[in-house]
Amino acid sequence: MLPNNHSNPSDFIRETIADDLKSGKNESRVHTRFPPEPNGYLHIGHAKSICLNFEIARENKGLCNLRFDDTNPVTEEAEYVEAIRKDVEWLGFQWDNECYASDYFEQLYDYAVRLIKNGKAYVCDLSPEEVREQRGTLTEPGKESPYRNRPADENFLLFERMRAGEFASGSRTLRAKIDMSSGNMNMRDPVIYRIQHASHHRTGDKWCIYPMYDFAHCVSDSIEGITHSLCSLEFEDHRPLYDWFLDELGIHHPQQIEFARLNITNTVLSKRKLIKLVEEGHVTGWDDPRMPTLSGLRRRGYTPEAIRNFCGRIGIAKRNSTVDMALLEYCIREELNKAAPRYMAVLNPLKIVIENYPADLIEEIDAVNNPEDEKMGIRKVPFSREVYIERDDFMEDPPKKFFRLAPGREVRLRYAYYITCTDVIKDGNGEITELRCTYDPATKGGDSPDGRKVKSTLHWVSAPKSLEAEVRLYDHLFSVSEPGDDFVSQLNPDSLITLASCRIEPALEKIFRCQFERLGYFCLDKIDSSLKNKPVFNRIVTLKDAWAKIQKTGG
RNA sequence: UGGGGAGUAGUGUAACGGUAGCACGGCAGACUCUGGAUCUGCUUGUAGGGGUUCAAAUCCUCUCUCCCCAGCCA
């Protein structure tokens, strides 16, 4: 069903893996892992990595673990673990093993001891400030720690005492003994363990020393028998350290491969920035429908399929890039055009009185549920003398390219009748309050027996038979395509427009996700609907809108 | 000015010495009971200079530009 470019994806990582398989490396196994830190919510950038890791495993009949990189107790919480599990499942993936770096703490400790005994690690008494001062700069080598040549036995004893809780947080570290003059900062005797008297969401107060990422990550990969450790570009110069630990330890050595992380226009995809948006209240939470988090996209109405499809289309490469938000929108439209049932909803109601239509008559009009899929059938829509149409669908003095209703003009009410505008009623301020129209009874169903054409078809709802609903129109969170460091000042003030008094056709009462004809795709916000005791819909994405474009370009 | 990466249409991504292609966007047109969808066409690209070769996005070389690294974060 999918176009070739993503039904059979290929990229430099898959090519490398295919080569490894061919050469018999790793007994021709493929085992990947998705390794989030439980200190925040997953976003669509993570989805790129999730899809890559899980799909590569599946394509090669391999395994993929979900591993929580939970080595920093002060920033991590069980709440995030749950949210991450839920999001990965929602995206459509099942992990083979659920792992936690914290489950390896004992083993990690033993490996650290091995490094100490081999003279490859030492306990350093320098303070964090002193370590920073002695690290050197990008162009100058660092200085060796005065504790660098401590005897192995002494290091071992000290390390045991660190574990036993005899020292204050931050007072000592265990450092790898590598090369203080390396051009690669990561190799200048990096810290392996730090003292943190903090309780961990899984291990409680069992530990007061915690391994650093560089040590924990490669060893965790190794313990799990990972074959290909895929990560983002900023870890490229950590790879020599990744390799160093595993080589020194002489244990299973996965291959780290780096690829570029995802960026998308008009949003931000860094955990730091997303946290700021949440904490400063610029959005309502991690699951605000404007957020690029998986929970936000889910609440907005995006489907896992659309997101997976998007991840397949953007490709994998080593070049930093920013994908156009229009591609994500294309992916959800593409899916929903085929799958979403159509309904009518009027966002900004303008009343029409059809003067020659019987006052007490309600007709049930047949409407097609999805013109793209006959099997989805038809439904009845009530029609009456008074209906609402969209205010934007009427202009008293229409410009040349405006095809919709205007005084004296005939248009079609979708599936119902042709109507002609005969009068415009205004209030004291000159605001249009109501239109008077006549209808042609011969056009019932929306076709005229004499074959005359109308230039436009409008959606509508019956005034007495429609329901009230709140509709939220979402736009890009940021008004600039690439928000910078002052991203908060670049928030789009119109990213959310709430319309409290919309009118929807009765059948919409029990619909979750659908198209509002001529407007866009919408999704019921279950949380707020029950809170407000009326239907609340989130706009997932607009339909492509040629008229809006004409207006925008002044044409 | 240390180390590590990357430069292909507006954007993203292919082409692995042999016709620079695909997708999104944009622009036109056809069709249409959604100004939707669908269909058709068009536009625009190898960062730059040298070299090797019958042939270079691809190999060599010099230059330029951009990204990452100086957490006891991941």
# chains A, B, ... in the order shown; residues from 1 in each chain; ligands from 1
call {"tool": "residues_around", "arguments": {"residues": "B:C59", "least_positions_apart": "4", "cutoff": "12 Å", "atoms": "only C-alpha atoms (C1' of nucleotides)", "output": "ChimeraX atom specification"}}
result
/B:16-17,51-53
call {"tool": "write_last_selection", "arguments": {"atoms": "N, CA, C and O atoms (P, O5', C5', C4', C3', O3' and C1' of nucleotides)", "output": "tab-separated table (two decimals), in the first residue's frame"}}
result
chain	number	residue	atom	x	y	z
B	16	C	P	24.89	4.48	-7.30
B	16	C	O5'	25.89	4.97	-6.16
B	16	C	C5'	27.16	5.48	-6.49
B	16	C	C4'	28.24	4.80	-5.67
B	16	C	C3'	28.45	3.33	-6.01
B	16	C	O3'	29.81	3.02	-5.78
B	16	C	C1'	27.76	3.54	-3.77
B	17	G	P	30.80	2.64	-6.85
B	17	G	O5'	30.61	3.81	-7.91
B	17	G	C5'	31.66	4.75	-8.17
B	17	G	C4'	31.23	5.49	-9.39
B	17	G	C3'	30.81	4.57	-10.54
B	17	G	O3'	29.81	5.23	-11.30
B	17	G	C1'	32.57	5.92	-11.24
B	51	G	P	42.55	21.58	-13.74
B	51	G	O5'	42.73	20.05	-13.34
B	51	G	C5'	44.03	19.52	-13.34
B	51	G	C4'	44.20	18.48	-12.26
B	51	G	C3'	43.86	17.07	-12.69
B	51	G	O3'	44.86	16.52	-13.49
B	51	G	C1'	43.01	17.48	-10.52
B	52	U	P	44.49	15.78	-14.84
B	52	U	O5'	44.11	14.34	-14.30
B	52	U	C5'	45.03	13.64	-13.46
B	52	U	C4'	44.41	12.37	-12.96
B	52	U	C3'	43.58	11.61	-13.98
B	52	U	O3'	44.40	10.81	-14.83
B	52	U	C1'	42.37	11.78	-11.96
B	53	U	P	44.17	10.87	-16.40
B	53	U	O5'	42.75	10.17	-16.55
B	53	U	C5'	42.56	8.83	-16.13
B	53	U	C4'	41.11	8.45	-16.23
B	53	U	C3'	40.44	8.79	-17.55
B	53	U	O3'	40.70	7.80	-18.55
B	53	U	C1'	39.05	9.49	-15.76
call {"tool": "residues_around", "arguments": {"residues": "B:A28", "least_positions_apart": "5", "cutoff": "12 Å", "atoms": "only C-alpha atoms (C1' of nucleotides)", "output": "PyMOL selection string"}}
result
chain B and resi 40-43
call {"tool": "write_last_selection", "arguments": {"atoms": "all heavy atoms", "output": "CSV table (one decimal), in the first residue's frame"}}
result
chain,number,residue,atom,x,y,z
B,40,U,P,-1.1,11.4,-12.8
B,40,U,OP1,-0.5,10.2,-13.4
B,40,U,OP2,-0.7,11.9,-11.5
B,40,U,O5',-1.1,12.6,-13.8
B,40,U,C5',-1.5,12.5,-15.2
B,40,U,C4',-1.5,13.8,-15.9
B,40,U,O4',-2.5,14.7,-15.3
B,40,U,C3',-0.2,14.6,-15.7
B,40,U,O3',0.8,14.1,-16.6
B,40,U,C2',-0.6,16.0,-16.0
B,40,U,O2',-0.8,16.2,-17.4
B,40,U,C1',-2.0,16.0,-15.4
B,40,U,N1,-1.9,16.6,-14.0
B,40,U,C2,-1.8,18.0,-13.9
B,40,U,O2,-1.8,18.7,-14.8
B,40,U,N3,-1.7,18.4,-12.6
B,40,U,C4,-1.6,17.7,-11.4
B,40,U,O4,-1.5,18.2,-10.3
B,40,U,C5,-1.7,16.2,-11.6
B,40,U,C6,-1.8,15.8,-12.9
B,41,G,P,2.4,14.1,-16.2
B,41,G,OP1,3.1,13.2,-17.1
B,41,G,OP2,2.4,13.9,-14.7
B,41,G,O5',2.8,15.6,-16.5
B,41,G,C5',2.6,16.1,-17.8
B,41,G,C4',2.6,17.6,-17.7
B,41,G,O4',1.5,18.1,-16.9
B,41,G,C3',3.9,18.2,-17.0
B,41,G,O3',5.0,18.2,-17.9
B,41,G,C2',3.4,19.6,-16.7
B,41,G,O2',3.3,20.4,-17.8
B,41,G,C1',1.9,19.3,-16.3
B,41,G,N9,1.8,19.2,-14.8
B,41,G,C8,1.7,18.0,-14.1
B,41,G,N7,1.6,18.2,-12.8
B,41,G,C5,1.8,19.6,-12.6
B,41,G,C6,1.8,20.5,-11.5
B,41,G,O6,1.7,20.1,-10.3
B,41,G,N1,2.0,21.8,-11.8
B,41,G,C2,2.1,22.3,-13.1
B,41,G,N2,2.2,23.6,-13.2
B,41,G,N3,2.0,21.5,-14.2
B,41,G,C4,1.9,20.2,-13.9
B,42,C,P,6.5,18.2,-17.2
B,42,C,OP1,7.4,18.0,-18.3
B,42,C,OP2,6.4,17.3,-16.1
B,42,C,O5',6.6,19.7,-16.7
B,42,C,C5',6.4,20.8,-17.5
B,42,C,C4',6.4,22.1,-16.7
B,42,C,O4',5.3,22.1,-15.8
B,42,C,C3',7.7,22.2,-15.8
B,42,C,O3',8.8,22.6,-16.5
B,42,C,C2',7.2,23.2,-14.8
B,42,C,O2',7.2,24.5,-15.3
B,42,C,C1',5.7,22.8,-14.6
B,42,C,N1,5.5,21.9,-13.4
B,42,C,C2,5.5,22.5,-12.2
B,42,C,O2,5.6,23.7,-12.1
B,42,C,N3,5.3,21.7,-11.1
B,42,C,C4,5.2,20.3,-11.2
B,42,C,N4,5.0,19.6,-10.2
B,42,C,C5,5.2,19.7,-12.5
B,42,C,C6,5.4,20.5,-13.6
B,43,U,P,10.3,22.1,-16.0
B,43,U,OP1,11.2,22.3,-17.1
B,43,U,OP2,10.2,20.8,-15.3
B,43,U,O5',10.6,23.2,-14.9
B,43,U,C5',10.3,24.6,-15.2
B,43,U,C4',10.3,25.4,-13.9
B,43,U,O4',9.1,25.0,-13.1
B,43,U,C3',11.4,25.1,-13.0
B,43,U,O3',12.6,25.8,-13.3
B,43,U,C2',10.9,25.4,-11.6
B,43,U,O2',10.9,26.8,-11.4
B,43,U,C1',9.4,25.0,-11.7
B,43,U,N1,9.1,23.7,-11.1
B,43,U,C2,8.9,23.7,-9.7
B,43,U,O2,9.0,24.7,-9.0
B,43,U,N3,8.6,22.4,-9.2
B,43,U,C4,8.6,21.2,-9.9
B,43,U,O4,8.3,20.2,-9.3
B,43,U,C5,8.8,21.4,-11.3
B,43,U,C6,9.1,22.6,-11.9
call {"tool": "residues_around", "arguments": {"residues": "A:Leu63", "least_positions_apart": "5", "cutoff": "8 Å", "atoms": "only C-alpha atoms (C1' of nucleotides)", "output": "ChimeraX atom specification"}}
result
/A:30-32,54,57-58,95-96
call {"tool": "write_last_selection", "arguments": {"atoms": "C-alpha atoms", "output": "short mmCIF file (atom, residue, chain, number, x, y, z; two decimals), in the first residue's frame"}}
result
data_model
loop_
_atom_site.label_atom_id
_atom_site.label_comp_id
_atom_site.auth_asym_id
_atom_site.auth_seq_id
_atom_site.Cartn_x
_atom_site.Cartn_y
_atom_site.Cartn_z
CA VAL A 30 20.28 -8.01 15.42
CA HIS A 31 19.37 -6.60 18.80
CA THR A 32 18.57 -2.93 19.26
CA PHE A 54 11.94 -1.33 16.61
CA ALA A 57 14.73 -5.32 14.79
CA ARG A 58 11.53 -6.50 13.14
CA TRP A 95 9.49 -4.35 23.40
CA ASP A 96 11.13 -7.69 23.91
#
call {"tool": "interface_residues", "arguments": {"of": "chain A", "to": "chain B", "cutoff": "8 Å", "atoms": "only C-alpha atoms (C1' of nucleotides)", "output": "MDAnalysis selection string"}}
result
chainID A and resid 5 37 69 72 128 132 135:140 170 173 182:186 191 193:195 213 233:234 236:237 313:315 318:324 326:327 330 337 372 412 414:415 446:447 457 517:518 543:547
call {"tool": "select_by_dssp", "arguments": {"residues": "stretch 214-251 of chain A", "states": "alpha helix (DSSP H)", "output": "ChimeraX atom specification"}}
result
/A:214-223,239-249
call {"tool": "select_by_dssp", "arguments": {"residues": "stretch 176-402 of chain A", "states": "strand (DSSP E)", "output": "PyMOL selection string"}}
result
chain A and resi 176+191-195+209-211+228-232+255-259+342-343+345-346+349-354+363-368+378-383+386-390
call {"tool": "write_last_selection", "arguments": {"atoms": "N, CA and C atoms", "output": "CSV table (one decimal), in the first residue's frame"}}
result
chain,number,residue,atom,x,y,z
A,176,ALA,N,37.9,7.6,35.1
A,176,ALA,CA,38.7,6.7,34.2
A,176,ALA,C,40.1,7.4,34.0
A,191,VAL,N,34.5,11.3,34.5
A,191,VAL,CA,34.0,10.7,35.8
A,191,VAL,C,33.1,9.5,35.4
A,192,ILE,N,33.3,8.5,36.2
A,192,ILE,CA,32.5,7.2,36.0
A,192,ILE,C,31.4,7.1,37.0
A,193,TYR,N,31.8,7.5,38.3
A,193,TYR,CA,30.8,7.4,39.4
A,193,TYR,C,30.9,8.7,40.2
A,194,ARG,N,29.7,9.2,40.6
A,194,ARG,CA,29.7,10.4,41.4
A,194,ARG,C,28.9,10.0,42.7
A,195,ILE,N,29.1,10.7,43.8
A,195,ILE,CA,28.4,10.5,45.0
A,195,ILE,C,27.1,11.4,45.0
A,209,ILE,N,26.1,6.1,45.4
A,209,ILE,CA,26.9,6.4,44.2
A,209,ILE,C,26.2,6.0,43.0
A,210,TYR,N,26.3,6.8,41.9
A,210,TYR,CA,25.6,6.5,40.7
A,210,TYR,C,26.5,6.6,39.5
A,211,PRO,N,26.4,5.6,38.6
A,211,PRO,CA,27.3,5.7,37.4
A,211,PRO,C,26.9,6.8,36.4
A,228,HIS,N,23.6,-3.4,17.9
A,228,HIS,CA,23.8,-2.1,17.2
A,228,HIS,C,23.1,-1.0,18.1
A,229,SER,N,23.9,-0.1,18.6
A,229,SER,CA,23.5,0.9,19.6
A,229,SER,C,23.3,2.2,18.8
A,230,LEU,N,22.1,2.5,18.5
A,230,LEU,CA,21.8,3.7,17.7
A,230,LEU,C,21.5,4.9,18.5
A,231,CYS,N,22.2,6.0,18.2
A,231,CYS,CA,22.0,7.2,19.0
A,231,CYS,C,22.1,8.4,18.2
A,232,SER,N,22.0,9.6,18.8
A,232,SER,CA,22.0,10.8,18.0
A,232,SER,C,23.4,11.4,17.9
A,255,GLN,N,28.1,-2.1,18.5
A,255,GLN,CA,28.6,-1.0,17.7
A,255,GLN,C,27.6,0.2,17.8
A,256,GLN,N,28.2,1.3,18.2
A,256,GLN,CA,27.4,2.6,18.3
A,256,GLN,C,27.4,3.2,16.9
A,257,ILE,N,26.2,3.6,16.5
A,257,ILE,CA,26.0,4.3,15.2
A,257,ILE,C,25.2,5.5,15.5
A,258,GLU,N,25.6,6.7,15.0
A,258,GLU,CA,24.9,7.9,15.2
A,258,GLU,C,24.2,8.4,14.0
A,259,PHE,N,23.0,9.0,14.3
A,259,PHE,CA,22.2,9.6,13.2
A,259,PHE,C,21.7,10.9,13.7
A,342,ARG,N,-17.2,11.7,7.5
A,342,ARG,CA,-17.5,13.1,7.3
A,342,ARG,C,-18.7,13.5,8.1
A,343,TYR,N,-18.7,14.7,8.7
A,343,TYR,CA,-19.9,15.2,9.4
A,343,TYR,C,-19.9,16.7,9.1
A,345,ALA,N,-20.3,20.5,10.8
A,345,ALA,CA,-20.3,21.3,12.0
A,345,ALA,C,-20.1,22.8,11.5
A,346,VAL,N,-20.8,23.7,12.2
A,346,VAL,CA,-20.6,25.1,11.8
A,346,VAL,C,-19.9,25.8,13.0
A,349,PRO,N,-21.6,30.3,13.6
A,349,PRO,CA,-22.9,30.2,13.0
A,349,PRO,C,-23.5,31.5,12.5
A,350,LEU,N,-24.1,31.5,11.3
A,350,LEU,CA,-24.9,32.6,10.8
A,350,LEU,C,-26.2,32.0,10.4
A,351,LYS,N,-27.3,32.5,11.0
A,351,LYS,CA,-28.6,31.9,10.9
A,351,LYS,C,-29.2,32.3,9.5
A,352,ILE,N,-29.8,31.2,8.9
A,352,ILE,CA,-30.5,31.4,7.6
A,352,ILE,C,-32.0,31.0,7.9
A,353,VAL,N,-32.9,31.9,7.4
A,353,VAL,CA,-34.3,31.5,7.4
A,353,VAL,C,-34.7,31.3,6.0
A,354,ILE,N,-35.2,30.1,5.7
A,354,ILE,CA,-35.6,29.7,4.4
A,354,ILE,C,-37.1,30.0,4.3
A,363,GLU,N,-37.0,17.5,7.8
A,363,GLU,CA,-36.7,16.4,6.8
A,363,GLU,C,-35.4,15.7,7.2
A,364,GLU,N,-35.4,14.4,7.0
A,364,GLU,CA,-34.2,13.6,7.2
A,364,GLU,C,-33.5,13.5,5.9
A,365,ILE,N,-32.3,14.1,5.8
A,365,ILE,CA,-31.6,14.1,4.5
A,365,ILE,C,-30.5,13.0,4.5
A,366,ASP,N,-30.4,12.3,3.4
A,366,ASP,CA,-29.3,11.3,3.3
A,366,ASP,C,-27.9,12.0,3.0
A,367,ALA,N,-26.9,11.6,3.8
A,367,ALA,CA,-25.6,12.2,3.6
A,367,ALA,C,-24.6,11.1,3.5
A,368,VAL,N,-23.6,11.2,2.7
A,368,VAL,CA,-22.6,10.2,2.5
A,368,VAL,C,-21.6,10.3,3.6
A,378,ILE,N,-24.2,5.6,4.6
A,378,ILE,CA,-24.8,7.0,4.7
A,378,ILE,C,-25.5,7.2,6.0
A,379,ARG,N,-25.8,8.4,6.3
A,379,ARG,CA,-26.5,8.7,7.6
A,379,ARG,C,-27.6,9.7,7.2
A,380,LYS,N,-28.5,10.0,8.2
A,380,LYS,CA,-29.6,11.0,8.1
A,380,LYS,C,-29.1,12.3,8.8
A,381,VAL,N,-29.4,13.4,8.1
A,381,VAL,CA,-29.1,14.7,8.7
A,381,VAL,C,-30.4,15.5,8.7
A,382,PRO,N,-30.9,16.0,9.9
A,382,PRO,CA,-32.1,16.8,9.9
A,382,PRO,C,-32.0,18.1,9.2
A,383,PHE,N,-33.0,18.5,8.4
A,383,PHE,CA,-33.1,19.7,7.8
A,383,PHE,C,-34.3,20.5,8.2
A,386,GLU,N,-35.0,26.8,9.5
A,386,GLU,CA,-33.9,27.6,10.0
A,386,GLU,C,-32.6,26.7,10.1
A,387,VAL,N,-31.6,27.2,9.4
A,387,VAL,CA,-30.3,26.5,9.5
A,387,VAL,C,-29.2,27.5,9.8
A,388,TYR,N,-28.1,26.9,10.2
A,388,TYR,CA,-26.9,27.7,10.3
A,388,TYR,C,-25.9,27.4,9.2
A,389,ILE,N,-25.3,28.5,8.7
A,389,ILE,CA,-24.1,28.2,7.8
A,389,ILE,C,-22.9,29.0,8.5
A,390,GLU,N,-21.8,28.8,7.9
A,390,GLU,CA,-20.6,29.5,8.4
A,390,GLU,C,-20.6,30.9,8.0
call {"tool": "atom_distance", "arguments": {"atom1": "atom CA of A:Leu458", "atom2": "atom CA of A:Leu405"}}
result
8.4 Å
call {"tool": "atom_distance", "arguments": {"atom1": "atom CA of A:Phe310", "atom2": "atom CA of A:Lys338"}}
result
16.4 Å
call {"tool": "residues_around", "arguments": {"residues": "A:Tyr41", "least_positions_apart": "5", "cutoff": "8 Å", "atoms": "only C-alpha atoms (C1' of nucleotides)", "output": "MDAnalysis selection string"}}
result
chainID A and resid 80 83:84 286 293:295
call {"tool": "residues_around", "arguments": {"residues": "B:G18", "least_positions_apart": "4", "cutoff": "12 Å", "atoms": "only C-alpha atoms (C1' of nucleotides)", "output": "PyMOL selection string"}}
result
chain B and resi 53-56+58
call {"tool": "write_last_selection", "arguments": {"atoms": "N, CA and C atoms (P, O5', C5', C4', C3', O3' and C1' of nucleotides)", "output": "mmCIF file, in the first residue's frame"}}
result
data_model
loop_
_atom_site.group_PDB
_atom_site.id
_atom_site.type_symbol
_atom_site.label_atom_id
_atom_site.label_comp_id
_atom_site.auth_asym_id
_atom_site.auth_seq_id
_atom_site.Cartn_x
_atom_site.Cartn_y
_atom_site.Cartn_z
ATOM 1 P P U B 53 44.168 10.865 -16.400
ATOM 2 O "O5'" U B 53 42.748 10.172 -16.545
ATOM 3 C "C5'" U B 53 42.562 8.830 -16.131
ATOM 4 C "C4'" U B 53 41.107 8.451 -16.228
ATOM 5 C "C3'" U B 53 40.439 8.791 -17.549
ATOM 6 O "O3'" U B 53 40.704 7.804 -18.545
ATOM 7 C "C1'" U B 53 39.051 9.488 -15.762
ATOM 8 P P C B 54 41.026 8.342 -20.021
ATOM 9 O "O5'" C B 54 39.604 8.786 -20.561
ATOM 10 C "C5'" C B 54 39.490 9.489 -21.800
ATOM 11 C "C4'" C B 54 38.041 9.613 -22.177
ATOM 12 C "C3'" C B 54 37.125 10.096 -21.062
ATOM 13 O "O3'" C B 54 37.129 11.510 -20.952
ATOM 14 C "C1'" C B 54 36.166 8.193 -22.071
ATOM 15 P P A B 55 37.182 12.172 -19.495
ATOM 16 O "O5'" A B 55 35.781 11.718 -18.902
ATOM 17 C "C5'" A B 55 34.561 12.220 -19.460
ATOM 18 C "C4'" A B 55 33.382 11.564 -18.804
ATOM 19 C "C3'" A B 55 33.331 11.705 -17.284
ATOM 20 O "O3'" A B 55 32.782 12.942 -16.905
ATOM 21 C "C1'" A B 55 32.878 9.465 -17.906
ATOM 22 P P A B 56 33.297 13.642 -15.575
ATOM 23 O "O5'" A B 56 32.838 12.630 -14.431
ATOM 24 C "C5'" A B 56 31.455 12.355 -14.196
ATOM 25 C "C4'" A B 56 31.156 12.523 -12.731
ATOM 26 C "C3'" A B 56 31.377 13.925 -12.192
ATOM 27 O "O3'" A B 56 30.467 14.173 -11.129
ATOM 28 C "C1'" A B 56 32.823 12.463 -11.095
ATOM 29 P P U B 58 32.322 14.363 -6.867
ATOM 30 O "O5'" U B 58 32.022 12.932 -6.243
ATOM 31 C "C5'" U B 58 31.827 12.773 -4.845
ATOM 32 C "C4'" U B 58 31.483 11.337 -4.554
ATOM 33 C "C3'" U B 58 32.599 10.348 -4.858
ATOM 34 O "O3'" U B 58 32.676 9.363 -3.853
ATOM 35 C "C1'" U B 58 30.637 9.795 -6.094
#
call {"tool": "residues_around", "arguments": {"residues": "A:His46", "least_positions_apart": "5", "cutoff": "10 Å", "atoms": "only C-alpha atoms (C1' of nucleotides)", "output": "list in words"}}
result
Phe34, Pro35, Pro36, Tyr41, Cys51, Leu52, Val88, Arg261, Leu262, Leu269, Thr293 and Leu294 of chain A
call {"tool": "write_last_selection", "arguments": {"atoms": "N, CA, C and O atoms", "output": "short mmCIF file (atom, residue, chain, number, x, y, z; two decimals), in the first residue's frame"}}
result
data_model
loop_
_atom_site.label_atom_id
_atom_site.label_comp_id
_atom_site.auth_asym_id
_atom_site.auth_seq_id
_atom_site.Cartn_x
_atom_site.Cartn_y
_atom_site.Cartn_z
N PHE A 34 15.71 0.94 22.63
CA PHE A 34 15.37 2.36 22.74
C PHE A 34 15.60 2.74 24.18
O PHE A 34 14.97 2.17 25.08
N PRO A 35 16.52 3.68 24.44
CA PRO A 35 16.99 3.95 25.80
C PRO A 35 16.64 5.32 26.36
O PRO A 35 17.52 6.14 26.57
N PRO A 36 15.37 5.59 26.64
CA PRO A 36 15.02 6.92 27.16
C PRO A 36 15.44 7.11 28.61
O PRO A 36 15.52 6.14 29.38
N TYR A 41 8.72 13.72 29.05
CA TYR A 41 7.83 12.98 28.16
C TYR A 41 8.45 12.79 26.78
O TYR A 41 9.28 13.58 26.34
N CYS A 51 10.88 4.25 16.08
CA CYS A 51 10.57 3.56 14.82
C CYS A 51 11.82 2.91 14.24
O CYS A 51 11.78 1.76 13.79
N LEU A 52 12.92 3.63 14.27
CA LEU A 52 14.16 3.11 13.72
C LEU A 52 14.55 1.82 14.43
O LEU A 52 14.78 0.78 13.80
N VAL A 88 5.17 4.46 24.01
CA VAL A 88 5.79 3.51 23.08
C VAL A 88 4.75 2.49 22.61
O VAL A 88 4.67 2.17 21.42
N ARG A 261 19.27 13.84 14.79
CA ARG A 261 17.97 13.90 15.45
C ARG A 261 17.01 14.72 14.60
O ARG A 261 17.40 15.48 13.73
N LEU A 262 15.74 14.55 14.91
CA LEU A 262 14.69 15.24 14.15
C LEU A 262 14.48 16.67 14.63
O LEU A 262 14.46 16.94 15.83
N LEU A 269 11.89 20.78 19.72
CA LEU A 269 12.00 19.37 20.09
C LEU A 269 13.19 19.15 21.01
O LEU A 269 13.94 18.21 20.82
N THR A 293 4.84 16.58 21.81
CA THR A 293 4.99 15.33 22.57
C THR A 293 4.03 14.29 21.99
O THR A 293 3.02 14.62 21.39
N LEU A 294 4.34 13.03 22.23
CA LEU A 294 3.43 11.99 21.76
C LEU A 294 2.09 12.10 22.47
O LEU A 294 1.04 11.89 21.87
#
call {"tool": "closest_residue", "arguments": {"among": "B:C27, B:A57, B:C64, B:A9", "to": "B:U44", "atoms": "only C-alpha atoms (C1' of nucleotides)"}}
result
B:A9
call {"tool": "atom_distance", "arguments": {"atom1": "atom CA of A:Cys64", "atom2": "atom CA of A:Arg33"}}
result
4.9 Å
call {"tool": "residues_around", "arguments": {"residues": "A:Thr422", "least_positions_apart": "2", "cutoff": "12 Å", "atoms": "only C-alpha atoms (C1' of nucleotides)", "output": "MDAnalysis selection string"}}
result
chainID A and resid 352:356 396 405:410 419:420 424:425 434:439
call {"tool": "closest_residue", "arguments": {"among": "A:Ser466, A:Gln551, A:Asn53, A:Ser222", "to": "A:Pro399", "atoms": "only C-alpha atoms"}}
result
A:Gln551
call {"tool": "closest_residue", "arguments": {"among": "A:Pro73, A:Asp179, A:Leu158, A:Lys276", "to": "A:Cys208", "atoms": "only C-alpha atoms"}}
result
A:Pro73
